[in-house]
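Dropping run_30.cif in here (mmCIF, C-alpha atoms; chains and numbers go by the auth columns):
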```cif
data_final
#
loop_
_atom_site.group_PDB
_atom_site.id
_atom_site.type_symbol
_atom_site.label_atom_id
_atom_site.label_comp_id
_atom_site.label_asym_id
_atom_site.label_seq_id
_atom_site.Cartn_x
_atom_site.Cartn_y
_atom_site.Cartn_z
_atom_site.B_iso_or_equiv
_atom_site.auth_seq_id
_atom_site.auth_asym_id
ATOM 1 C CA MET A 1 -12.456 -28.025 -46.355 0.00 184 A
ATOM 2 C CA ARG A 2 -14.575 -24.905 -46.768 0.00 185 A
ATOM 3 C CA ASN A 3 -13.593 -23.541 -43.368 0.00 186 A
ATOM 4 C CA GLN A 4 -9.895 -23.719 -44.216 0.00 187 A
ATOM 5 C CA ILE A 5 -10.249 -21.241 -47.103 0.00 188 A
ATOM 6 C CA PRO A 6 -10.234 -17.469 -46.387 0.00 189 A
ATOM 7 C CA LYS A 7 -13.354 -15.560 -47.436 0.00 190 A
ATOM 8 C CA THR A 8 -11.185 -13.506 -49.776 0.00 191 A
ATOM 9 C CA TYR A 9 -10.012 -16.664 -51.555 0.00 192 A
ATOM 10 C CA HIS A 10 -12.061 -16.214 -54.719 0.00 193 A
ATOM 11 C CA VAL A 11 -10.638 -12.733 -55.327 0.00 194 A
ATOM 12 C CA LEU A 12 -7.100 -13.899 -54.551 0.00 195 A
ATOM 13 C CA TYR A 13 -7.504 -16.932 -56.773 0.00 196 A
ATOM 14 C CA PHE A 14 -8.679 -14.772 -59.668 0.00 197 A
ATOM 15 C CA LEU A 15 -5.740 -12.406 -59.189 0.00 198 A
ATOM 16 C CA TYR A 16 -3.350 -15.387 -59.034 0.00 199 A
ATOM 17 C CA TRP A 17 -4.887 -16.821 -62.195 0.00 200 A
ATOM 18 C CA LEU A 18 -4.693 -13.490 -64.031 0.00 201 A
ATOM 19 C CA VAL A 19 -1.130 -12.639 -62.993 0.00 202 A
ATOM 20 C CA VAL A 20 0.283 -16.122 -63.662 0.00 203 A
ATOM 21 C CA ARG A 21 -1.514 -16.543 -66.971 0.00 204 A
ATOM 22 C CA THR A 22 -0.403 -13.099 -68.143 0.00 205 A
ATOM 23 C CA GLY A 23 3.161 -13.796 -67.015 0.00 206 A
ATOM 24 C CA LEU A 24 3.273 -17.094 -68.861 0.00 207 A
ATOM 25 C CA ARG A 25 1.945 -15.438 -72.003 0.00 208 A
ATOM 26 C CA LEU A 26 4.616 -12.730 -71.826 0.00 209 A
ATOM 27 C CA LEU A 27 7.587 -14.902 -70.847 0.00 210 A
ATOM 28 C CA THR A 28 6.905 -18.007 -72.962 0.00 211 A
ATOM 29 C CA ARG A 29 5.316 -19.111 -76.196 0.00 212 A
ATOM 30 C CA TRP A 30 2.581 -20.991 -74.381 0.00 213 A
ATOM 31 C CA HIS A 31 0.432 -23.466 -76.290 0.00 214 A
ATOM 32 C CA ILE A 32 -2.793 -24.700 -74.643 0.00 215 A
ATOM 33 C CA GLU A 33 -4.432 -27.683 -76.326 0.00 216 A
ATOM 34 C CA GLY A 34 -7.638 -29.555 -75.550 0.00 217 A
ATOM 35 C CA ALA A 35 -8.931 -27.253 -72.785 0.00 218 A
ATOM 36 C CA GLU A 36 -12.445 -28.173 -73.920 0.00 219 A
ATOM 37 C CA HIS A 37 -11.892 -31.623 -72.389 0.00 220 A
ATOM 38 C CA VAL A 38 -12.021 -30.149 -68.874 0.00 221 A
ATOM 39 C CA PRO A 39 -15.674 -30.214 -67.738 0.00 222 A
ATOM 40 C CA LYS A 40 -17.022 -26.866 -66.576 0.00 223 A
ATOM 41 C CA LYS A 41 -18.692 -28.532 -63.610 0.00 224 A
ATOM 42 C CA GLY A 42 -18.809 -31.884 -61.861 0.00 225 A
ATOM 43 C CA ALA A 43 -16.149 -33.900 -60.058 0.00 226 A
ATOM 44 C CA CYS A 44 -12.986 -34.926 -61.894 0.00 227 A
ATOM 45 C CA ILE A 45 -9.272 -35.459 -61.287 0.00 228 A
ATOM 46 C CA LEU A 46 -6.694 -33.687 -63.454 0.00 229 A
ATOM 47 C CA VAL A 47 -3.489 -35.737 -63.579 0.00 230 A
ATOM 48 C CA SER A 48 -0.222 -34.541 -65.105 0.00 231 A
ATOM 49 C CA ASN A 49 3.394 -35.494 -65.454 0.00 232 A
ATOM 50 C CA HIS A 50 5.745 -33.448 -63.263 0.00 233 A
ATOM 51 C CA LEU A 51 8.893 -31.842 -64.685 0.00 234 A
ATOM 52 C CA THR A 52 9.184 -28.493 -62.938 0.00 235 A
ATOM 53 C CA TRP A 53 7.708 -26.130 -60.327 0.00 236 A
ATOM 54 C CA LEU A 54 5.804 -24.503 -63.209 0.00 237 A
ATOM 55 C CA ASP A 55 3.560 -27.544 -63.737 0.00 238 A
ATOM 56 C CA PRO A 56 0.835 -26.598 -61.224 0.00 239 A
ATOM 57 C CA PRO A 57 0.556 -23.008 -62.585 0.00 240 A
ATOM 58 C CA LEU A 58 0.523 -24.353 -66.147 0.00 241 A
ATOM 59 C CA THR A 59 -2.391 -26.616 -65.214 0.00 242 A
ATOM 60 C CA TYR A 60 -4.258 -24.177 -62.942 0.00 243 A
ATOM 61 C CA THR A 61 -4.232 -21.354 -65.478 0.00 244 A
ATOM 62 C CA GLY A 62 -4.539 -23.554 -68.560 0.00 245 A
ATOM 63 C CA THR A 63 -8.203 -23.972 -67.698 0.00 246 A
ATOM 64 C CA ARG A 64 -10.679 -21.433 -66.368 0.00 247 A
ATOM 65 C CA ARG A 65 -11.966 -23.868 -63.760 0.00 248 A
ATOM 66 C CA GLY A 66 -10.929 -23.552 -60.125 0.00 249 A
ATOM 67 C CA LEU A 67 -8.970 -26.519 -58.783 0.00 250 A
ATOM 68 C CA TYR A 68 -7.927 -28.111 -55.539 0.00 251 A
ATOM 69 C CA ALA A 69 -4.501 -29.772 -55.559 0.00 252 A
ATOM 70 C CA LEU A 70 -2.479 -32.409 -53.750 0.00 253 A
ATOM 71 C CA ALA A 71 0.772 -31.095 -52.259 0.00 254 A
ATOM 72 C CA ALA A 72 3.558 -32.672 -50.217 0.00 255 A
ATOM 73 C CA ALA A 73 3.177 -32.102 -46.467 0.00 256 A
ATOM 74 C CA LYS A 74 6.771 -30.830 -46.305 0.00 257 A
ATOM 75 C CA HIS A 75 5.614 -27.551 -47.884 0.00 258 A
ATOM 76 C CA GLN A 76 3.856 -26.716 -44.617 0.00 259 A
ATOM 77 C CA ASN A 77 7.264 -26.285 -42.973 0.00 260 A
ATOM 78 C CA THR A 78 7.947 -23.018 -44.817 0.00 261 A
ATOM 79 C CA ARG A 79 5.575 -20.166 -43.971 0.00 262 A
ATOM 80 C CA ILE A 80 5.430 -18.580 -47.427 0.00 263 A
ATOM 81 C CA LEU A 81 4.977 -21.938 -49.155 0.00 264 A
ATOM 82 C CA LYS A 82 2.268 -22.974 -46.715 0.00 265 A
ATOM 83 C CA LEU A 83 0.398 -19.717 -47.362 0.00 266 A
ATOM 84 C CA THR A 84 0.787 -20.074 -51.136 0.00 267 A
ATOM 85 C CA PHE A 85 -0.433 -23.673 -51.180 0.00 268 A
ATOM 86 C CA THR A 86 -3.289 -22.930 -48.775 0.00 269 A
ATOM 87 C CA LEU A 87 -4.546 -20.131 -51.021 0.00 270 A
ATOM 88 C CA GLY A 88 -4.221 -22.650 -53.865 0.00 271 A
ATOM 89 C CA ARG A 89 -6.604 -24.932 -51.952 0.00 272 A
ATOM 90 C CA ALA A 90 -3.958 -27.585 -51.368 0.00 273 A
ATOM 91 C CA VAL A 91 -4.566 -30.873 -49.617 0.00 274 A
ATOM 92 C CA PHE A 92 -1.311 -31.643 -47.827 0.00 275 A
ATOM 93 C CA ILE A 93 -0.409 -35.319 -48.026 0.00 276 A
ATOM 94 C CA ARG A 94 2.355 -37.289 -46.328 0.00 277 A
ATOM 95 C CA ARG A 95 4.291 -39.086 -49.023 0.00 278 A
ATOM 96 C CA GLY A 96 5.261 -42.702 -48.643 0.00 279 A
ATOM 97 C CA GLU A 97 2.410 -43.611 -46.300 0.00 280 A
ATOM 98 C CA PHE A 98 -1.334 -44.218 -46.315 0.00 281 A
ATOM 99 C CA ASP A 99 -2.563 -40.758 -45.304 0.00 282 A
ATOM 100 C CA ARG A 100 -6.191 -41.311 -44.235 0.00 283 A
ATOM 101 C CA ASP A 101 -6.853 -37.671 -43.364 0.00 284 A
ATOM 102 C CA ALA A 102 -5.713 -36.479 -46.788 0.00 285 A
ATOM 103 C CA LEU A 103 -7.780 -39.171 -48.499 0.00 286 A
ATOM 104 C CA ARG A 104 -10.887 -38.126 -46.577 0.00 287 A
ATOM 105 C CA GLN A 105 -10.343 -34.542 -47.710 0.00 288 A
ATOM 106 C CA CYS A 106 -9.930 -35.671 -51.322 0.00 289 A
ATOM 107 C CA PHE A 107 -13.124 -37.715 -51.256 0.00 290 A
ATOM 108 C CA ALA A 108 -15.004 -34.768 -49.696 0.00 291 A
ATOM 109 C CA ILE A 109 -13.737 -32.480 -52.465 0.00 292 A
ATOM 110 C CA LEU A 110 -14.856 -34.882 -55.178 0.00 293 A
ATOM 111 C CA GLU A 111 -18.193 -35.591 -53.494 0.00 294 A
ATOM 112 C CA GLY A 112 -18.788 -31.844 -53.567 0.00 295 A
ATOM 113 C CA GLY A 113 -18.503 -31.861 -57.367 0.00 296 A
ATOM 114 C CA ASN A 114 -15.079 -30.200 -57.450 0.00 297 A
ATOM 115 C CA ALA A 115 -11.960 -30.738 -59.554 0.00 298 A
ATOM 116 C CA LEU A 116 -8.769 -32.077 -57.978 0.00 299 A
ATOM 117 C CA TYR A 117 -5.260 -31.810 -59.471 0.00 300 A
ATOM 118 C CA ALA A 118 -2.294 -34.104 -58.789 0.00 301 A
ATOM 119 C CA SER A 119 0.918 -35.275 -60.406 0.00 302 A
ATOM 120 C CA ALA A 120 0.857 -38.865 -61.610 0.00 303 A
ATOM 121 C CA GLU A 121 4.338 -39.642 -60.303 0.00 304 A
ATOM 122 C CA GLY A 122 3.807 -38.060 -56.901 0.00 305 A
ATOM 123 C CA THR A 123 6.935 -35.905 -57.194 0.00 306 A
ATOM 124 C CA ARG A 124 9.085 -34.124 -59.749 0.00 307 A
ATOM 125 C CA SER A 125 10.795 -36.427 -62.232 0.00 308 A
ATOM 126 C CA PRO A 126 14.569 -36.631 -61.683 0.00 309 A
ATOM 127 C CA THR A 127 15.101 -37.812 -65.266 0.00 310 A
ATOM 128 C CA GLY A 128 13.097 -35.223 -67.205 0.00 311 A
ATOM 129 C CA ALA A 129 10.756 -37.968 -68.428 0.00 312 A
ATOM 130 C CA LEU A 130 7.990 -40.159 -67.007 0.00 313 A
ATOM 131 C CA THR A 131 8.921 -42.335 -64.039 0.00 314 A
ATOM 132 C CA LYS A 132 6.843 -45.049 -62.382 0.00 315 A
ATOM 133 C CA GLY A 133 3.348 -43.797 -61.580 0.00 316 A
ATOM 134 C CA LYS A 134 1.841 -43.931 -58.086 0.00 317 A
ATOM 135 C CA ALA A 135 -1.355 -45.911 -57.491 0.00 318 A
ATOM 136 C CA GLY A 136 -3.011 -43.228 -55.366 0.00 319 A
ATOM 137 C CA ILE A 137 -4.703 -41.452 -58.265 0.00 320 A
ATOM 138 C CA ALA A 138 -6.189 -44.674 -59.639 0.00 321 A
ATOM 139 C CA TYR A 139 -7.353 -45.541 -56.111 0.00 322 A
ATOM 140 C CA LEU A 140 -9.135 -42.183 -55.754 0.00 323 A
ATOM 141 C CA ALA A 141 -10.713 -42.283 -59.212 0.00 324 A
ATOM 142 C CA THR A 142 -12.055 -45.820 -58.882 0.00 325 A
ATOM 143 C CA ARG A 143 -13.406 -45.348 -55.348 0.00 326 A
ATOM 144 C CA ALA A 144 -15.006 -41.979 -56.119 0.00 327 A
ATOM 145 C CA ASN A 145 -16.081 -43.059 -59.618 0.00 328 A
ATOM 146 C CA VAL A 146 -14.940 -39.835 -61.284 0.00 329 A
ATOM 147 C CA PRO A 147 -13.258 -39.256 -64.660 0.00 330 A
ATOM 148 C CA ILE A 148 -9.573 -38.503 -65.000 0.00 331 A
ATOM 149 C CA ILE A 149 -8.463 -35.651 -67.250 0.00 332 A
ATOM 150 C CA PRO A 150 -4.872 -36.391 -68.373 0.00 333 A
ATOM 151 C CA VAL A 151 -2.621 -33.327 -68.689 0.00 334 A
ATOM 152 C CA ALA A 152 0.658 -33.561 -70.601 0.00 335 A
ATOM 153 C CA LEU A 153 3.160 -30.781 -69.852 0.00 336 A
ATOM 154 C CA TRP A 154 6.494 -30.008 -71.438 0.00 337 A
ATOM 155 C CA GLY A 155 8.816 -27.101 -72.169 0.00 338 A
ATOM 156 C CA GLY A 156 8.498 -25.403 -68.782 0.00 339 A
ATOM 157 C CA GLU A 157 11.805 -26.890 -67.702 0.00 340 A
ATOM 158 C CA ASP A 158 13.562 -24.707 -70.309 0.00 341 A
ATOM 159 C CA MET A 159 11.963 -21.398 -69.318 0.00 342 A
ATOM 160 C CA VAL A 160 14.597 -20.064 -66.918 0.00 343 A
ATOM 161 C CA ASP A 161 17.575 -20.986 -69.118 0.00 344 A
ATOM 162 C CA ASP A 162 15.882 -19.550 -72.196 0.00 345 A
ATOM 163 C CA LEU A 163 15.091 -16.295 -70.410 0.00 346 A
ATOM 164 C CA LYS A 164 18.754 -15.963 -69.502 0.00 347 A
ATOM 165 C CA ARG A 165 19.441 -16.056 -73.250 0.00 348 A
ATOM 166 C CA PHE A 166 16.599 -13.562 -73.857 0.00 349 A
ATOM 167 C CA LYS A 167 14.496 -16.243 -75.505 0.00 350 A
ATOM 168 C CA ARG A 168 10.924 -17.331 -74.853 0.00 351 A
ATOM 169 C CA ALA A 169 10.602 -21.062 -74.253 0.00 352 A
ATOM 170 C CA ASP A 170 8.018 -23.096 -76.137 0.00 353 A
ATOM 171 C CA VAL A 171 5.736 -24.445 -73.388 0.00 354 A
ATOM 172 C CA THR A 172 2.765 -26.758 -73.896 0.00 355 A
ATOM 173 C CA THR A 173 -0.220 -27.693 -71.723 0.00 356 A
ATOM 174 C CA ARG A 174 -2.158 -30.473 -73.450 0.00 357 A
ATOM 175 C CA PHE A 175 -5.439 -31.683 -71.937 0.00 358 A
ATOM 176 C CA GLY A 176 -6.668 -35.104 -73.049 0.00 359 A
ATOM 177 C CA ALA A 177 -10.092 -36.655 -73.323 0.00 360 A
ATOM 178 C CA PRO A 178 -11.637 -37.888 -70.030 0.00 361 A
ATOM 179 C CA LEU A 179 -10.466 -41.329 -68.961 0.00 362 A
ATOM 180 C CA ARG A 180 -12.805 -43.657 -67.086 0.00 363 A
ATOM 181 C CA LEU A 181 -11.486 -46.441 -64.866 0.00 364 A
ATOM 182 C CA PRO A 182 -13.499 -49.330 -63.366 0.00 365 A
ATOM 183 C CA GLU A 183 -15.647 -48.316 -60.415 0.00 366 A
ATOM 184 C CA GLY A 184 -15.282 -49.889 -56.990 0.00 367 A
ATOM 185 C CA ARG A 185 -12.712 -51.409 -54.661 0.00 368 A
ATOM 186 C CA VAL A 186 -9.947 -52.040 -57.168 0.00 369 A
ATOM 187 C CA ARG A 187 -6.892 -53.679 -55.603 0.00 370 A
ATOM 188 C CA GLY A 188 -3.636 -55.427 -56.398 0.00 371 A
ATOM 189 C CA GLU A 189 -2.917 -56.219 -60.022 0.00 372 A
ATOM 190 C CA GLU A 190 -6.074 -54.506 -61.260 0.00 373 A
ATOM 191 C CA LEU A 191 -5.091 -51.276 -59.473 0.00 374 A
ATOM 192 C CA GLU A 192 -1.647 -51.511 -61.063 0.00 375 A
ATOM 193 C CA GLN A 193 -3.266 -51.932 -64.480 0.00 376 A
ATOM 194 C CA CYS A 194 -5.389 -48.844 -63.871 0.00 377 A
ATOM 195 C CA THR A 195 -2.260 -46.899 -62.914 0.00 378 A
ATOM 196 C CA ASP A 196 -0.545 -48.081 -66.099 0.00 379 A
ATOM 197 C CA GLU A 197 -3.575 -46.947 -68.106 0.00 380 A
ATOM 198 C CA ILE A 198 -3.190 -43.427 -66.709 0.00 381 A
ATOM 199 C CA MET A 199 0.566 -43.364 -67.276 0.00 382 A
ATOM 200 C CA CYS A 200 0.397 -44.786 -70.788 0.00 383 A
ATOM 201 C CA THR A 201 -2.283 -42.253 -71.699 0.00 384 A
ATOM 202 C CA LEU A 202 0.069 -39.485 -70.580 0.00 385 A
ATOM 203 C CA ALA A 203 3.001 -41.093 -72.401 0.00 386 A
ATOM 204 C CA ALA A 204 1.059 -41.200 -75.660 0.00 387 A
ATOM 205 C CA MET A 205 0.201 -37.493 -75.259 0.00 388 A
ATOM 206 C CA LEU A 206 3.824 -36.475 -74.668 0.00 389 A
ATOM 207 C CA PRO A 207 6.636 -36.069 -77.212 0.00 390 A
ATOM 208 C CA GLU A 208 8.820 -39.177 -77.450 0.00 391 A
ATOM 209 C CA ALA A 209 11.656 -37.741 -75.333 0.00 392 A
ATOM 210 C CA TYR A 210 9.331 -37.367 -72.340 0.00 393 A
ATOM 211 C CA ARG A 211 7.747 -40.849 -72.312 0.00 394 A
ATOM 212 C CA GLY A 212 10.395 -42.329 -70.025 0.00 395 A
ATOM 213 C CA VAL A 213 9.760 -45.785 -68.577 0.00 396 A
ATOM 214 C CA TYR A 214 6.454 -46.013 -70.464 0.00 397 A
ATOM 215 C CA ALA A 215 7.928 -45.378 -73.912 0.00 398 A
ATOM 216 C CA ASP A 216 7.874 -49.056 -74.916 0.00 399 A
ATOM 217 C CA HIS A 217 4.894 -50.153 -72.845 0.00 400 A
ATOM 218 C CA PRO A 218 2.454 -52.138 -75.044 0.00 401 A
ATOM 219 C CA ARG A 219 -0.459 -49.934 -73.969 0.00 402 A
ATOM 220 C CA THR A 220 1.456 -46.769 -74.913 0.00 403 A
ATOM 221 C CA LEU A 221 2.265 -48.203 -78.333 0.00 404 A
ATOM 222 C CA GLU A 222 -1.356 -49.224 -78.779 0.00 405 A
ATOM 223 C CA LYS A 223 -2.545 -45.714 -77.962 0.00 406 A
ATOM 224 C CA LEU A 224 -0.027 -44.181 -80.348 0.00 407 A
ATOM 225 C CA ASN A 225 -1.209 -46.479 -83.125 0.00 408 A
ATOM 226 C CA GLU A 226 -4.828 -45.546 -82.387 0.00 409 A
ATOM 227 C CA ALA A 227 -3.933 -41.869 -82.685 0.00 410 A
ATOM 228 C CA CYS A 228 -2.371 -42.471 -86.096 0.00 411 A
ATOM 229 C CA ASP A 229 -5.454 -44.274 -87.503 0.00 412 A
#
```
Represent the structure of the file as structure tokens.
Amino acid sequence: MRNQIPKTYHVLYFLYWLVVRTGLRLLTRWHIEGAEHVPKKGACILVSNHLTWLDPPLTYTGTRRGLYALAAAKHQNTRILKLTFTLGRAVFIRRGEFDRDALRQCFAILEGGNALYASAEGTRSPTGALTKGKAGIAYLATRANVPIIPVALWGGEDMVDDLKRFKRADVTTRFGAPLRLPEGRVRGEELEQCTDEIMCTLAAMLPEAYRGVYADHPRTLEKLNEACD
């Protein structure tokens, strides 16, 4: 992984972070909550819902920690996107298949004590709310035995339309407390339960309109009740 990153990466990353964060502050009313939950060092996986192209920048610049990120392999087909994602330390993964090379890269990143970012659903939601979560994140977290930092995002989908009306959209990046899953070779039903735990944690952190297919899940309701106690 280290050899794939230009020597100038750290400077470019800082400039990216500064420009994007400043832009978000100017163009939106951006609320960042719970950033203290992101550890300053040590391996972890940040997992968010996915509503818009703004979600990675909202996560990257919502914390001062540098991140690696999972990205769809199709983005390598466009030169400017490939360059952008490479500078963002992306691990390109082939969706819909067991991508061993990408998994090896992810494990190497985590073994090196780094932070990895991915969307829980694997792609942008077509409904504007949570859809069925993918098991890949739970697989990584249990095999690598690292905590998951849930990240709930909303409001970014309104930014462009609001700017057209000369308004600043209310945008929120909410980081949750670290989530620990069982360690080891989790498979089948247990892996599905771990995936549901991630998704229900995100659902409970999101406003009701964004909870989607997990709105009425018993674990989501349990977490909401716990938050009210």
Task: Contacts of segment 357-365 of chain A at 7 Å (only C-alpha atoms; same-chain gap of 4+ positions) as a ChimeraX atom specification - done: /A:215-218,220,325,330-336,377
Open item on the list: Neighbouring residues of Val396 of chain A were defined as those with any atom within 9 Å, considering only C-alpha atoms; residues of the same chain fewer than 3 positions away were excluded. Please report them as a list in words.
Closed with: Ala312, Leu313, Thr314, Lys315, Asp399 and His400 of chain A
Write the residues of the preceding selection, restricted to C-alpha atoms, as a PDB file, in the frame of the given file.
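Okay, this is what ended up in selection-v4.pdb:
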```pdb
ATOM      1  CA  ALA A 312      10.756 -37.968 -68.428  1.00  0.00           C
ATOM      2  CA  LEU A 313       7.990 -40.159 -67.007  1.00  0.00           C
ATOM      3  CA  THR A 314       8.921 -42.335 -64.039  1.00  0.00           C
ATOM      4  CA  LYS A 315       6.843 -45.049 -62.382  1.00  0.00           C
ATOM      5  CA  ASP A 399       7.874 -49.056 -74.916  1.00  0.00           C
ATOM      6  CA  HIS A 400       4.894 -50.153 -72.845  1.00  0.00           C
TER       7      HIS A 400
END
```
As a check of understanding, name the residues that the PyMOL selection byres ((chain A and resi 380-386) around 8) selects in the supplied structure, as a compact mmCIF listing (two decimals) with C-alpha atoms, in the frame of the given file.
```txt
# COMPACT_ATOMS: atom_id res chain seq x y z
CA SER A 231 -0.22 -34.54 -65.10
CA ASN A 232 3.39 -35.49 -65.45
CA ALA A 303 0.86 -38.86 -61.61
CA LEU A 313 7.99 -40.16 -67.01
CA GLY A 316 3.35 -43.80 -61.58
CA ALA A 321 -6.19 -44.67 -59.64
CA PRO A 333 -4.87 -36.39 -68.37
CA VAL A 334 -2.62 -33.33 -68.69
CA ALA A 335 0.66 -33.56 -70.60
CA LEU A 362 -10.47 -41.33 -68.96
CA GLN A 376 -3.27 -51.93 -64.48
CA CYS A 377 -5.39 -48.84 -63.87
CA THR A 378 -2.26 -46.90 -62.91
CA ASP A 379 -0.55 -48.08 -66.10
CA ALA A 387 1.06 -41.20 -75.66
CA MET A 388 0.20 -37.49 -75.26
CA LEU A 389 3.82 -36.48 -74.67
CA PRO A 390 6.64 -36.07 -77.21
CA GLU A 391 8.82 -39.18 -77.45
CA TYR A 393 9.33 -37.37 -72.34
CA ARG A 394 7.75 -40.85 -72.31
CA GLY A 395 10.40 -42.33 -70.03
CA TYR A 397 6.45 -46.01 -70.46
CA ALA A 398 7.93 -45.38 -73.91
CA HIS A 400 4.89 -50.15 -72.84
CA ARG A 402 -0.46 -49.93 -73.97
CA THR A 403 1.46 -46.77 -74.91
CA LYS A 406 -2.54 -45.71 -77.96
```
Open item on the list: Just checking: using all atoms listed in the file, which residue out of A:Met342, A:Val230, A:Trp236, A:Arg283 ends up closest to Ala324 of chain A?
Closed with: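 Looking at the shortest contact to Ala324 of chain A, the residue is A:Val230.
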Task: Given the PyMOL selection byres ((chain A and resi 235) around 8), the residues it picks as a list in words - done: His233, Leu234, Trp236, Leu237, Asp238, Arg307, Gly339 and Glu340 of chain A
Write the selection just made, keeping C-alpha atoms, as a compact mmCIF listing (two decimals), in the frame of the given file?
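Generated file (again-v9.txt):
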```txt
# COMPACT_ATOMS: atom_id res chain seq x y z
CA HIS A 233 5.74 -33.45 -63.26
CA LEU A 234 8.89 -31.84 -64.68
CA TRP A 236 7.71 -26.13 -60.33
CA LEU A 237 5.80 -24.50 -63.21
CA ASP A 238 3.56 -27.54 -63.74
CA ARG A 307 9.09 -34.12 -59.75
CA GLY A 339 8.50 -25.40 -68.78
CA GLU A 340 11.80 -26.89 -67.70
```
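Evaluated on this file, the PyMOL selection byres ((chain A and resi 297) around 10) matches Lys223, Lys224, Gly225, Ala226, Cys227, Ile228, Arg248, Gly249, Leu250, Tyr251, Cys289, Phe290, Ala291, Ile292, Leu293, Glu294, Gly295, Gly296, Ala298 and Leu299 of chain A.
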TODO: Check the smallest atom-to-atom distance from each of A:Leu209, A:Thr246, A:Val194, A:Arg204 to Leu346 of chain A using all atoms listed in the file, then report the winner.
DONE: A:Leu209
- [ ] Check the smallest atom-to-atom distance from each of A:Leu198, A:Ala252, A:Val221, A:Leu210 to Ile320 of chain A using all atoms listed in the file, then report the winner.
- [x] A:Ala252
Open item on the list: Considering all atoms listed in the file, can you say which of A:Pro239, A:Gly245, A:Gly367, A:Gly338 comes closest to Thr306 of chain A?
Closed with: A:Pro239
Open item on the list: I'd like to know which of A:Tyr322, A:Tyr243, A:Phe281, A:Phe275 is closest to Glu375 of chain A, using all atoms listed in the file.
Closed with: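 Of all the options, A:Tyr322 lies closest to Glu375 of chain A.
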- [ ] Quote the spacing between atom CA of Gly206 of chain A and atom CA of Arg272 of chain A in Å to one decimal place.
- [x]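 One can read the atom CA of Gly206 of chain A to atom CA of Arg272 of chain A distance as 21.1 Å.
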Task: Atom-to-atom span, atom CA of Thr355 of chain A and atom CA of Leu323 of chain A, Å - done: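 We find that atom CA of Thr355 of chain A and atom CA of Leu323 of chain A lie 26.6 Å from each other.
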Task: Length of the atom CA of Val203 of chain A to atom CA of Thr244 of chain A vector [Å] - done: 7.1 Å
Open item on the list: From the options A:Leu286, A:Val274, A:Val354, A:Leu241, which residue's atoms come nearest to Arg212 of chain A, counting all atoms listed in the file?
Closed with: A:Val354
Residue completion, segment 333-345 of chain A, N, CA and C atoms, as a tab-separated table (two decimals), in the frame of the given file:
```
chain	number	residue	atom	x	y	z
A	333	PRO	N	-6.33	-36.36	-68.28
A	333	PRO	CA	-4.87	-36.39	-68.37
A	333	PRO	C	-4.34	-35.06	-68.88
A	334	VAL	N	-3.23	-34.61	-68.31
A	334	VAL	CA	-2.62	-33.33	-68.69
A	334	VAL	C	-1.14	-33.56	-68.96
A	335	ALA	N	-0.74	-33.38	-70.21
A	335	ALA	CA	0.66	-33.56	-70.60
A	335	ALA	C	1.33	-32.19	-70.66
A	336	LEU	N	2.45	-32.06	-69.95
A	336	LEU	CA	3.16	-30.78	-69.85
A	336	LEU	C	4.60	-30.95	-70.31
A	337	TRP	N	5.07	-30.00	-71.09
A	337	TRP	CA	6.49	-30.01	-71.44
A	337	TRP	C	6.94	-28.61	-71.88
A	338	GLY	N	8.23	-28.38	-71.77
A	338	GLY	CA	8.82	-27.10	-72.17
A	338	GLY	C	9.07	-26.15	-71.02
A	339	GLY	N	8.32	-26.30	-69.92
A	339	GLY	CA	8.50	-25.40	-68.78
A	339	GLY	C	9.88	-25.52	-68.15
A	340	GLU	N	10.48	-26.69	-68.29
A	340	GLU	CA	11.80	-26.89	-67.70
A	340	GLU	C	12.88	-26.05	-68.38
A	341	ASP	N	12.59	-25.51	-69.57
A	341	ASP	CA	13.56	-24.71	-70.31
A	341	ASP	C	13.37	-23.21	-70.09
A	342	MET	N	12.31	-22.81	-69.38
A	342	MET	CA	11.96	-21.40	-69.32
A	342	MET	C	13.07	-20.53	-68.74
A	343	VAL	N	13.59	-20.90	-67.58
A	343	VAL	CA	14.60	-20.06	-66.92
A	343	VAL	C	15.85	-19.93	-67.77
A	344	ASP	N	16.37	-21.05	-68.29
A	344	ASP	CA	17.58	-20.99	-69.12
A	344	ASP	C	17.35	-20.17	-70.38
A	345	ASP	N	16.17	-20.31	-70.99
A	345	ASP	CA	15.88	-19.55	-72.20
A	345	ASP	C	15.77	-18.06	-71.90
```
